[in-house]
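To start, the structure under review is shown below, and the notes come after it.
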Amino acid sequence: MHKPSFNSRIESKFLTSAPNLSRCPEPNFNEVAFAGRSNAGKSSVLNQITGNKSLAKVSKTPGRTQMLNFFESKAGGYLVDLPGYGYARAPKASVDRWTELVESYL
């Protein structure tokens, strides 16, 4: 079976993690957000399209991404790794807090 390959990567670097909306970068650029269930592979996809396996932290434990993680793209704009929804191995209060953060961001 032939695996598809990307001819070019979206070169990016980590910018900041935002625990609330006031800590997000100014919305002066377009943003592409990666949203989905906990442990669905959002961070892994971000690493794949940037060609940097260690750009976004990846874990086998659901609920490790708990803030909005912004990456600045050299092509212009931001890539944003969002906390997942659904089951997470974290206290309910924490899950509720970051769920509200994601809903407010979106």
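Residues in the structure tokens are numbered from 1 in each chain, the chains being A, B, ... in the order shown, and ligands are numbered from 1 in the order shown.
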Report as a PyMOL selection string all protein, DNA and RNA residues lying within 9 Å of Gly51 in chain A, evaluated on only C-alpha atoms, omitting residues in the same chain fewer than 6 positions from it.
chain A and resi 8-11
Give me the range 48-86 of chain A side of the contact with range 32-44 of chain A, cut-off 6 Å, one line per residue showing its nearest atom pair and distance in Å at one decimal, counting only C-alpha atoms, sorted by chain and residue number, as CSV.
```
residue,atom,partner,partner_atom,distance
A:Ala56,CA,A:Ser43,CA,5.5
A:Val58,CA,A:Ser43,CA,5.9
A:Pro62,CA,A:Asn39,CA,5.0
A:Gly63,CA,A:Ser38,CA,5.9
A:Leu79,CA,A:Val32,CA,4.9
A:Val80,CA,A:Ala33,CA,4.5
A:Asp81,CA,A:Phe34,CA,5.2
A:Leu82,CA,A:Ala35,CA,5.6
A:Gly84,CA,A:Ser38,CA,4.0
A:Tyr85,CA,A:Arg37,CA,4.6
A:Gly86,CA,A:Arg37,CA,5.7
```
Go ahead and write the residues just picked, all heavy atoms, as a PDB file, in the first residue's frame.
```
ATOM      1  N   ALA A  56       4.256  19.901  18.553  1.00  0.00           N
ATOM      2  CA  ALA A  56       3.142  19.813  19.509  1.00  0.00           C
ATOM      3  C   ALA A  56       3.356  18.576  20.373  1.00  0.00           C
ATOM      4  O   ALA A  56       3.698  17.515  19.869  1.00  0.00           O
ATOM      5  CB  ALA A  56       1.815  19.730  18.766  1.00  0.00           C
ATOM      6  N   VAL A  58       2.665  15.294  22.255  1.00  0.00           N
ATOM      7  CA  VAL A  58       1.764  14.173  21.988  1.00  0.00           C
ATOM      8  C   VAL A  58       1.783  13.246  23.190  1.00  0.00           C
ATOM      9  O   VAL A  58       2.845  12.999  23.777  1.00  0.00           O
ATOM     10  CB  VAL A  58       2.217  13.410  20.725  1.00  0.00           C
ATOM     11  CG1 VAL A  58       1.344  12.203  20.473  1.00  0.00           C
ATOM     12  CG2 VAL A  58       2.194  14.327  19.511  1.00  0.00           C
ATOM     13  N   PRO A  62      -5.521  10.659  27.436  1.00  0.00           N
ATOM     14  CA  PRO A  62      -6.521  11.668  27.038  1.00  0.00           C
ATOM     15  C   PRO A  62      -6.545  12.849  28.002  1.00  0.00           C
ATOM     16  O   PRO A  62      -6.491  12.666  29.215  1.00  0.00           O
ATOM     17  CB  PRO A  62      -7.847  10.914  27.100  1.00  0.00           C
ATOM     18  CG  PRO A  62      -7.509   9.475  27.157  1.00  0.00           C
ATOM     19  CD  PRO A  62      -6.140   9.372  27.731  1.00  0.00           C
ATOM     20  N   GLY A  63      -6.588  14.052  27.455  1.00  0.00           N
ATOM     21  CA  GLY A  63      -6.725  15.246  28.281  1.00  0.00           C
ATOM     22  C   GLY A  63      -5.437  15.938  28.643  1.00  0.00           C
ATOM     23  O   GLY A  63      -5.406  16.764  29.551  1.00  0.00           O
ATOM     24  N   LEU A  79      -1.429  28.236  13.646  1.00  0.00           N
ATOM     25  CA  LEU A  79      -2.027  26.922  13.821  1.00  0.00           C
ATOM     26  C   LEU A  79      -2.325  26.835  15.307  1.00  0.00           C
ATOM     27  O   LEU A  79      -1.488  27.222  16.133  1.00  0.00           O
ATOM     28  CB  LEU A  79      -1.060  25.820  13.398  1.00  0.00           C
ATOM     29  CG  LEU A  79      -0.557  25.885  11.959  1.00  0.00           C
ATOM     30  CD1 LEU A  79       0.504  24.803  11.724  1.00  0.00           C
ATOM     31  CD2 LEU A  79      -1.704  25.718  10.987  1.00  0.00           C
ATOM     32  N   VAL A  80      -3.515  26.362  15.668  1.00  0.00           N
ATOM     33  CA  VAL A  80      -3.921  26.343  17.075  1.00  0.00           C
ATOM     34  C   VAL A  80      -4.330  24.922  17.454  1.00  0.00           C
ATOM     35  O   VAL A  80      -5.257  24.361  16.870  1.00  0.00           O
ATOM     36  CB  VAL A  80      -5.085  27.317  17.341  1.00  0.00           C
ATOM     37  CG1 VAL A  80      -5.345  27.414  18.838  1.00  0.00           C
ATOM     38  CG2 VAL A  80      -4.801  28.691  16.755  1.00  0.00           C
ATOM     39  N   ASP A  81      -3.640  24.364  18.433  1.00  0.00           N
ATOM     40  CA  ASP A  81      -3.943  23.036  18.957  1.00  0.00           C
ATOM     41  C   ASP A  81      -4.860  23.227  20.159  1.00  0.00           C
ATOM     42  O   ASP A  81      -4.465  23.811  21.167  1.00  0.00           O
ATOM     43  CB  ASP A  81      -2.640  22.338  19.356  1.00  0.00           C
ATOM     44  CG  ASP A  81      -2.803  20.859  19.650  1.00  0.00           C
ATOM     45  OD1 ASP A  81      -3.862  20.284  19.316  1.00  0.00           O
ATOM     46  OD2 ASP A  81      -1.858  20.272  20.205  1.00  0.00           O
ATOM     47  N   LEU A  82      -6.112  22.745  20.036  1.00  0.00           N
ATOM     48  CA  LEU A  82      -7.116  22.933  21.089  1.00  0.00           C
ATOM     49  C   LEU A  82      -7.216  21.711  21.990  1.00  0.00           C
ATOM     50  O   LEU A  82      -6.973  20.586  21.541  1.00  0.00           O
ATOM     51  CB  LEU A  82      -8.490  23.177  20.463  1.00  0.00           C
ATOM     52  CG  LEU A  82      -8.622  24.357  19.503  1.00  0.00           C
ATOM     53  CD1 LEU A  82     -10.042  24.416  18.953  1.00  0.00           C
ATOM     54  CD2 LEU A  82      -8.268  25.653  20.197  1.00  0.00           C
ATOM     55  N   GLY A  84      -9.032  18.657  23.716  1.00  0.00           N
ATOM     56  CA  GLY A  84     -10.077  17.797  23.179  1.00  0.00           C
ATOM     57  C   GLY A  84     -11.327  17.802  24.037  1.00  0.00           C
ATOM     58  O   GLY A  84     -11.360  18.358  25.128  1.00  0.00           O
ATOM     59  N   TYR A  85     -12.354  17.176  23.525  1.00  0.00           N
ATOM     60  CA  TYR A  85     -13.589  17.020  24.282  1.00  0.00           C
ATOM     61  C   TYR A  85     -13.893  15.541  24.418  1.00  0.00           C
ATOM     62  O   TYR A  85     -13.314  14.706  23.739  1.00  0.00           O
ATOM     63  CB  TYR A  85     -14.747  17.775  23.627  1.00  0.00           C
ATOM     64  CG  TYR A  85     -15.025  17.370  22.199  1.00  0.00           C
ATOM     65  CD1 TYR A  85     -15.855  16.294  21.905  1.00  0.00           C
ATOM     66  CD2 TYR A  85     -14.454  18.066  21.137  1.00  0.00           C
ATOM     67  CE1 TYR A  85     -16.106  15.922  20.595  1.00  0.00           C
ATOM     68  CE2 TYR A  85     -14.701  17.693  19.824  1.00  0.00           C
ATOM     69  CZ  TYR A  85     -15.530  16.632  19.567  1.00  0.00           C
ATOM     70  OH  TYR A  85     -15.773  16.257  18.273  1.00  0.00           O
ATOM     71  N   GLY A  86     -14.790  15.229  25.341  1.00  0.00           N
ATOM     72  CA  GLY A  86     -15.084  13.827  25.623  1.00  0.00           C
ATOM     73  C   GLY A  86     -14.290  13.395  26.832  1.00  0.00           C
ATOM     74  O   GLY A  86     -13.924  14.195  27.691  1.00  0.00           O
TER      75      GLY A  86
END
```
Output as a count of residues only all residues of range 25-72 of chain A that backbone DSSP marks as helix (DSSP H, G or I).
9
What is the distance, in Å and to one decimal place, between CA of Ala90 in chain A and CA of Glu26 in chain A?
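Straight-line distance from CA of Ala90 in chain A to CA of Glu26 in chain A works out to 29.5 Å.
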Using only C-alpha atoms, which residues of range 72-101 of chain A come within 12 Å of range 27-30 of chain A, and what is the closest atom pair for each, with the distance in Å to one decimal? Give it as JSON lines, sorted by chain and residue number.
```
{"residue": "A:Glu72", "atom": "CA", "partner": "A:Phe29", "partner_atom": "CA", "distance": 9.6}
{"residue": "A:Ser73", "atom": "CA", "partner": "A:Phe29", "partner_atom": "CA", "distance": 10.1}
{"residue": "A:Lys74", "atom": "CA", "partner": "A:Phe29", "partner_atom": "CA", "distance": 11.7}
{"residue": "A:Ala75", "atom": "CA", "partner": "A:Asn30", "partner_atom": "CA", "distance": 10.7}
{"residue": "A:Gly76", "atom": "CA", "partner": "A:Phe29", "partner_atom": "CA", "distance": 7.1}
{"residue": "A:Gly77", "atom": "CA", "partner": "A:Phe29", "partner_atom": "CA", "distance": 4.7}
{"residue": "A:Tyr78", "atom": "CA", "partner": "A:Asn30", "partner_atom": "CA", "distance": 6.4}
{"residue": "A:Leu79", "atom": "CA", "partner": "A:Asn30", "partner_atom": "CA", "distance": 8.8}
{"residue": "A:Val80", "atom": "CA", "partner": "A:Asn30", "partner_atom": "CA", "distance": 10.5}
```
Pairwise distance for CA of Leu46 in chain A and CA of Pro83 in chain A, rounded to one decimal in Å:
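Going from CA of Leu46 in chain A over to CA of Pro83 in chain A covers 13.2 Å.
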One decimal, in Å: what's the spacing between CA of Ser22 in chain A and CA of Lys57 in chain A?
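CA of Ser22 in chain A sits 22.7 Å away from CA of Lys57 in chain A.
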When DSSP works through the backbone of this structure, what residues of range 13-42 of chain A end up as strand (DSSP E or B), shown as a PyMOL selection string?
chain A and resi 13-18+31-34+37
For Ser17 in chain A, please output as a tab-separated table (two decimals) with N, CA and C atoms, in the first residue's frame all residues within 9 Å (counting only C-alpha atoms; exclusion window: fewer than 4 positions along the same chain).
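Listing of around22.tsv after writing:
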```tsv
chain	number	residue	atom	x	y	z
A	23	ARG	N	-4.98	35.82	27.06
A	23	ARG	CA	-3.58	35.47	26.82
A	23	ARG	C	-3.33	35.01	25.40
A	24	CYS	N	-4.38	34.98	24.55
A	24	CYS	CA	-4.21	34.60	23.15
A	24	CYS	C	-3.50	35.72	22.40
A	67	MET	N	-4.64	23.79	27.33
A	67	MET	CA	-4.66	25.21	26.98
A	67	MET	C	-4.74	25.33	25.47
A	68	LEU	N	-4.95	26.55	24.98
A	68	LEU	CA	-4.91	26.81	23.54
A	68	LEU	C	-3.44	27.01	23.18
A	69	ASN	N	-2.90	26.13	22.36
A	69	ASN	CA	-1.49	26.20	21.98
A	69	ASN	C	-1.36	26.79	20.58
A	70	PHE	N	-0.67	27.92	20.50
A	70	PHE	CA	-0.52	28.66	19.24
A	70	PHE	C	0.86	28.42	18.64
```
